[in-house]
Amino acid sequence: MRLLLVLFCLFSVSPVSHLLAQTTLLQGKVLDDKTQEPIPFASVGIAGQPFGTVANAQGQFQFTIPAPSSKATEAVLISCVGYQTATVPTATLQAAGQVVRLHPSSINLAAVTVRPGKVKTKTFGRTSSSTLMGASMYTEADLVSDALAKEQGTILPVDEDCRLRDFNMHVAFNRFKSIKFRLNLYSVQAGRPHQPLLRQDIRFDVTQPRGWVRVDLTPYQVQVQGHKAVAVTIQWLESEATPGNSKSFGISAVPMLGHSILTRSKSQAQWQELTPGYLSMYLTLDSYRPLPNKALEAGKASLATGNQGLQQGQPASAPADDYQLPDSLRYLRYVTASSTPTLTNPAGYGQHPTAGHFVQLPGTRLYYERYGQGAPLLLLHGNGQSIAAFQEQIGELAQHYDVLAVDTRAHGRSLDSTTASLTYNLFAADVKQLLDSLHLSKVNVVGWSDGGNTALALALLYPASLNRMVVMGANLFPTAEAVEPDFLQLLRKQLREAQRLPGAHSKQDARRLQLLLQEPNMTFQELHAITTPTLVVAGQHDLILEKHTRAIAQHIPGAQLLIMPGASHYAPQEKPREFNQAVLQFFQK
C-alpha cells in the first residue's frame with residue numbers, strides 16, 4: 001500500500017499556484033499567415049523550459065515566466081501541426097495585442113500505395129483496464145499559470161510498414177464535463193520522443209467518466225514506415241469543469257517494471273520518465289507484408305539481421321527490389337513466420353534504464369544488461385541483432401541465473417570507433433575483457449548464430465572462462481558446404497547494395513555482411529581441442545545445413561545435439577518454451 005501511495009503522488013498534478021517570485025506576463029494571438037484566420041490550440045513554449053501554454057480556440061494565449069527574463073528564456077517557440085514553427089522574442093509578447101503569424105508548411109503527402117501483399121491487423125500496447133494508480137493531468141479554466149499543453153504517453157512498438165487504424169486509452173477517472181486532447185506521434189531516439197510524425201492535427205474529446213476511449217485514425221491515413229517503435233502521447237488543450245465536482249482526470253496505469261510513463265509539463269519542456277508505470281494505451285494497426293513470390297522490399301531487415309536487431313531509424317542493407325527470393329528461403333521467411341509470436345519487447349530489453357551499463361574497451365564502448373541472481377550466464381546475439389533478440393529468454397533464465405546480455409561491438413548500443421574488419425576472435429576478446437572487468441572468472445554461455453560462432457571462439461581462445469555452453473545455428477566456415485547456398489547469394493547482393501549507399505549506417509551494414517561472408521574460418525580438427533561441455537542446437541529448417549550442424553556436434557568431444565522440429569534459424573523466438581527448457585536442462589546437469 002505504501003508503494004501505491006507514493007506512486008499515486010508522483011502522477012498527481014494539481015494546477016500551478018501563483019508564483020511567489022516576480023513574473024512577466026506574455027500574451028498574443030496566433031493567426032494563419034495565408035488566411036489571417038486564428039489557429040486554434042497552437043502550442044506555445046520556451047525551449048527546454050517548463051513555461052508555456054496552448055492557445056485557445058480563437059488562437060489567443062497568455063502565460064507567465066519568471067522575471068527578469070534570463071538568457072535561457074529569451075525566445076518563445078509557437079508551433080502547430082501543418083505550420084512552420086515561429087520564434088518570437090519574449091519582449092515582443094510583453095505588450096498587449098501582439099499577433100504571431102504562422103506560415104503553412106509545404107509538406108508533400110506520401111503516396112498511398114496499393115500493395116498486393118498480405119495485411120495482418122495487430123495490437124501493440126496495454127489492453128488491460130486494471131488500475132493500481134492514476135496518471136493524472138488536469139487544469140482549470142482562466143488560469144494564467146495552468147497545466148495546458150501538458151503531455152503524457154508511452155513508447156509502443158510497431159511494425160516497420162504499417163497503417164494505423166485507431167488509438168485507444170482507458171480513463172480511470174474523469175470529473176470534467178469535457179476535455180479536449182491532441183494526439184501526438186513521435187519517432188524515438190535514445191528512449192525519448194524525438195521528431196513529430198503526424199501531418200494532420202488530430203484532436204478528440206473525452207466526456208465519459210470512465211472507460212475506454214477510441215480515436216479512429218483511418219480518416220487521417222497515418223502510415224508509419226521504417227520505425228520499430230513510436231512515442232504516443234496525448235496533450236491537454238482545454239477542459240470544461242462540472243460545477244460542484246472536483247477537477248481531476250487520470251489514465252489507468254499499473255506500476256510494472258520495464259515500463260515508464262513519459263511526461264512533460266509544456267510543449268518545449270524536457271521529457272521526463274516516471275518509472276515504473278505502464279499506461280493503458282494501445283494502437284491497432286494494419287501490418288503489411290509482401291506475398292512470398294514478390295520481391296523483397298527495399299529498406300526491410302535482411303534474413304541475416306532479423307527484424308529484431310536494427311536500431312531505430314537505421315536503414316537496412318536490403319537487396320534491390322527486383323530481387324526474387326529463392327524458393328529455398330521462402331519457407332524460412334514466410335511459412336515459419338506464421339508460428340512466430342509478435343515480439344513487442346514489453347520489458348524493454350536492450351534499452352532498460354536501470355539494468356543497462358557500459359564498459360569502455362579498446363575501440364568500443366560495450367553495452368550490457370544484467371538480470372537475476374545465481375551462476376553467471378552470458379547471452380550472445382546474432383548478426384545485426386541486439387540484446388532484444390533474447391526477449392523470450394531473459395526473463396525465464398533470470399529466475400535461475402545471473403544473466404549477462406551483451407550488445408556485440410558495432411551492434412545495438414555498443415559503439416565501435418574502428419574501421420577494421422569485424423571478426424569472431426575480436427568479439428571473443430571483447431567478451432573476455434568484459435568478464436574480467438566484472439570479475440567473472442567462469443560463465444555459462446548461450447550463443448545464437450553469430451553469437452554461437454563467438455562462443456566457439458571463446459571456447460578455443462579462453463577455455464578457462466567457460467563452464468558450459470549452448471551454440472544455436474553456428475557454423476565453422478561461410479561456404480555452400482555449411483550454409484544454405486541461396487542465402488549466401490542473398491548476402492552478396494545485400495553487400496553490394498550496402499556498399500553503394502552513403503552514410504555511416506550503410507558502412508556498418510557492409511561490415512556486418514562482410515563478416516558473414518568472410519568468417520568464421522575454423523576447422524573440424526580445431527573443435528577436438530574444446531573441453532567445454534557443449535549443446536549444439538539448430539532448427540530443422542535452419543540456414544545452417546543440418547549435416548554441418550551434426551558434424552560440429554560430432555567433432556566437439558562429448559557434445560550433445562538438438563535439432564528442433566519445425567523451427568528455423570530463429571528457433572529461440574519461434575519455439576521459446578522448448579528452447580528455454582533445453583537450455584535449462586543442459587545447464588542444470
# chains A, B, ... in the order shown; residues from 1 in each chain; ligands from 1
>>> residues_around(residues="Leu183 (chain A)", least_positions_apart="4", cutoff="10 Å", atoms="only C-alpha atoms", output="VMD selection string")
chain A and resid 151 153 167 198 201 to 204 215 232 to 236
>>> residues_around(residues="region 262-271 of chain A", least_positions_apart="3", cutoff="10 Å", atoms="only C-alpha atoms", output="number ranges by chain")
A: 11, 13, 42-54, 76-79, 135, 137, 146-155, 191-194, 231-236, 259, 274-275, 277, 279
>>> atom_distance(atom1="CA of His555 (chain A)", atom2="CA of Leu377 (chain A)")
24.3 Å
>>> atom_distance(atom1="CA of Lys120 (chain A)", atom2="CA of Asp286 (chain A)")
5.6 Å
>>> closest_residue(among="A:Leu516, A:Leu435, A:Val536, A:Ala457", to="Met469 (chain A)", atoms="only C-alpha atoms")
A:Val536
>>> select_by_dssp(residues="region 392-517 of chain A", states="strand (DSSP E or B)", output="JSON, numbers by chain")
{"A": [402, 403, 404, 405, 406, 407, 415, 416, 443, 444, 445, 446, 447, 448, 466, 467, 468, 469, 470, 471, 472, 483]}
